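Participant: Pasting in a structure now, in structure tokens, and then I'll have a few things to ask.
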Amino acid sequence: MSDVFTSLTGGFLENLQLFAATLILAIPLGLIITLGSMSRITPLKWLVRTFIWIIRGTPLMLQLFVVLYAPGLLFDYPMSNRFMAAIVAFVINYACYFSEIFRGGIESIPKGQYEAGQVLGMTRVQIFFKIVLLQVVKRITPAMGNEVITLTKDTSLARVIGLTEVIMCAERFTKKGLISPLFSTAIYFLLLNGILTLLFNWLEKKMDFFKA
Amino acid sequence: MAILEVKGIEKKFDNLEVLKGIDFSLEKGEVLAMIGVSGSGKTTLLRCLNFLEQPTAGVIQVGGKTIFDASNPNLLSEKEIRKNRQHFGMVFQSFNLFPQYTALRNVTLAKELQAKEQSDFKSNKKQVMEQLQKEGRELLESVGLGDKLDYYPHQLSGGQQQRVAIARALMLQPDILCFDEPTSALDPELTGEVLRVIRGLADRNTTMVIVTHEMKFAREVADQVLFMDKGVIVEHGTPEEIFEHPKEERTRQFLERYLEEA
């Protein structure tokens, strides 16, 4: 029994690490991609939007394989670290989804907010940080909550490139005739997502003082 | 000398000519009302004054100083525009208050940001901030909202929001205050409180340019009335001249239609 617990917890730590690394890196990368997809330089805009189309339009599983094998097979520079490969694929994939959420949020802010700032003599930077940003954050929080919860579960997909994540650990026990470890993995996800749900509810409540 | 001088302003959007050469001038303390049907170019003209649109041709002078000249690109840098637009204040039809800030902070924010750009801000931060709060409070009191300082925009009625927006524009002490149909987004019972505030400003000799559909108000408050149609000034005169003795057929037709509706 303690065998199962040790194995599953160890596996879930892999999920957690991948989850945390993706979240921390994909948000800033997503912001950069947003800038590109909203750029006034048309070629750059279309380049970035094509990239988003490819990443969102192909399976994450395929992207995992590409990141793991392409450096070695195409450039003779093999990817030695599977965990690193998983992070790269996840970060790129999630950054694209995040960037579309950011773009939607920014574009949903009425033009009048920018104009009011302009006629009051504010700079573009001041308008973005002092007026627009918090309104965007409020508007995208529910969508981001969804995406973050999806990410926790997607981390299990990294097993296809050999990450010993929690479900892979549990599956091993089925060979010994045990099904309960497989069910138990659900508890880990439910706990994590319970906490995340509370966190996002708290965040939404924090921004309840205004309407936007 | 005129505080505002507008010469030959033209504005094209792609192939659509919205303004076809607008000239007028305004003395300090005067109120100019712009009337005309929707799409006649009134709002575009007002937006040109506030640098929200860039005229295709023409010159704008404030107090004898050229702040816009379509043929002088030196005046069109972001820095110059930011400096020059401060001559004008703008009150929008849809208020455009900042939803995440209280009424008071809406009023003080812009000036606070300007104060922070001063090199000596850090040394007398407390004083400066207190002064700003005081000014903001007084302005909100002057528009009858002294008891709503800490309210957020969504907690205020449309009329109250528009009065906050007026206080916000006044905070930067513009030479000329512009209004773009300030009561058009309001329920009829709320227009009175906003018009009262504007009338009070006129009584205190605030220079204003007002785009409005409130003919009675325009007639009472304005020193000059400008009737626009299809991008040109059709008729320009005192309220008596425009409303009592319009010379142009188009002005007569417009006013008749309005009086019928009223």
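The way I read the labels, and the way they are meant: chains A, B, ... in the order of the structure tokens, residue 1 as the first residue of every chain, and ligand 1 as the first ligand shown, with later ones counted on from there.
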Given only C-alpha atoms, how would the per-residue table for chain B near chain A read, listing every residue at most 7 Å away with its closest atom pair and distance in Å to one decimal, sorted by chain and number, as a tab-separated table?
Facilitator:
residue	atom	partner	partner_atom	distance
B:Asn50	CA	A:Val119	CA	6.5
B:Arg82	CA	A:Gly121	CA	5.4
B:Arg85	CA	A:Val119	CA	6.7
B:Gln86	CA	A:Gly121	CA	6.3
B:Gly89	CA	A:Val119	CA	6.7
B:Met90	CA	A:Val119	CA	6.5
B:Asn96	CA	A:Gly112	CA	5.6
B:Phe98	CA	A:Ile131	CA	6.7
B:Pro99	CA	A:Phe210	CA	5.9
B:Gln100	CA	A:Phe210	CA	5.3
B:Ala110	CA	A:Leu120	CA	6.0
B:Tyr152	CA	A:Phe210	CA	6.7
B:His154	CA	A:Lys211	CA	6.4
Participant: Find the spatial neighbours of Leu199 (chain A), counting only C-alpha atoms, within a cut-off of 12 Å - ignore same-chain residues fewer than 5 positions away - and output them as a CSV table (one decimal) with C-alpha atoms, in the first residue's frame.
Facilitator:
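Contents of around-v4.csv, as written:
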chain,number,residue,atom,x,y,z
A,141,THR,CA,-9.6,35.3,-15.4
A,142,PRO,CA,-12.4,32.9,-16.0
A,144,MET,CA,-7.4,31.4,-17.8
A,145,GLY,CA,-8.9,29.4,-14.9
A,148,VAL,CA,-4.9,26.2,-16.2
A,149,ILE,CA,-7.2,23.4,-15.1
A,192,LEU,CA,-4.9,20.1,-7.2
A,193,ASN,CA,-7.8,21.3,-9.2
A,194,GLY,CA,-9.9,21.9,-6.1
A,204,GLU,CA,-12.3,36.8,-9.3
A,205,LYS,CA,-13.8,38.0,-5.9
A,206,LYS,CA,-10.8,40.3,-5.4
Participant: Can you list every residue in region 33-259 of chain B that DSSP puts in strand (DSSP E or B), as a ChimeraX atom specification?
Facilitator: /B:33-35,57-62,65-69,88-91,176-180,208-211,224-229,232-237
Participant: Can you tell me how far CA of Leu132 (chain B) sits from CA of Arg105 (chain B), in Å to one decimal?
Facilitator: 9.8 Å
Participant: Which residues are near Glu193 (chain B)? Cut-off 10 Å, only C-alpha atoms, ignore same chain within fewer than 2 positions. Put them as a ChimeraX atom specification.
Facilitator: /B:143-144,159-160,162-163,183,189-191,195-199
Participant: When distances are computed from only C-alpha atoms, which of A:Leu198, A:Ala170, A:Ile106, A:Leu29 shows the smallest separation from Ser184 (chain A)?
Facilitator: A:Ala170
Participant: Quick one: everything within 10 Å of Leu151 (chain A), counting only C-alpha atoms, minus sequence neighbours fewer than 4 positions away in the same chain. Send it as an NGL selection string.
Facilitator: :A and (15 or 18-20 or 22-23 or 90 or 94 or 145-147 or 155-156)
Participant: If we count only C-alpha atoms, what is near Phe83 (chain A) at a cut-off of 10 Å, once residues fewer than 6 positions away on the same chain are taken out, given as a PyMOL selection string?
Facilitator: chain A and resi 14+17-18+68+158+161-164
Participant: May I ask which of the residues B:Ala185, B:Ala115, B:Cys178, B:Ile60 is the closest one to Arg47 (chain B), counting only C-alpha atoms?
Facilitator: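 With only C-alpha atoms as the atom set, the closest residue is B:Cys178.
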Participant: Using only C-alpha atoms, which residues sit within 12 Å of Lys126 (chain B) once same-chain residues fewer than 5 positions away are excluded, as a PyMOL selection string?
Facilitator: chain B and resi 112+115-116+120-121+131-133
Participant: Pick out the residues sitting within 12 Å of Leu16 (chain B), and hand them over as a list of chain:residue names; count only C-alpha atoms, and ignore anything fewer than 2 positions along from it in its own chain.
Facilitator: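 The residues satisfying every condition are B:Glu10, B:Lys11, B:Lys12, B:Phe13, B:Asp14, B:Val18, B:Leu19, B:Lys20, B:Gly39, B:Gly41, B:Thr56, B:Lys230, B:Gly231.
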Participant: Mind giving me the straight-line distance from CA of Phe129 (chain A) to CA of Phe200 (chain A) in Å, one decimal?
Facilitator: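 These two atoms are separated by 21.8 Å.
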Participant: With only C-alpha atoms as the basis for distance, which of B:Leu172, B:Ala165, B:Ala70, B:Leu255 is at the shortest distance from Glu53 (chain B)?
Facilitator: B:Ala70
Participant: Go ahead and compute the interatomic distance for CA of Gly11 (chain A) and CA of Lys176 (chain A), in Å to one decimal.
Facilitator: 18.0 Å
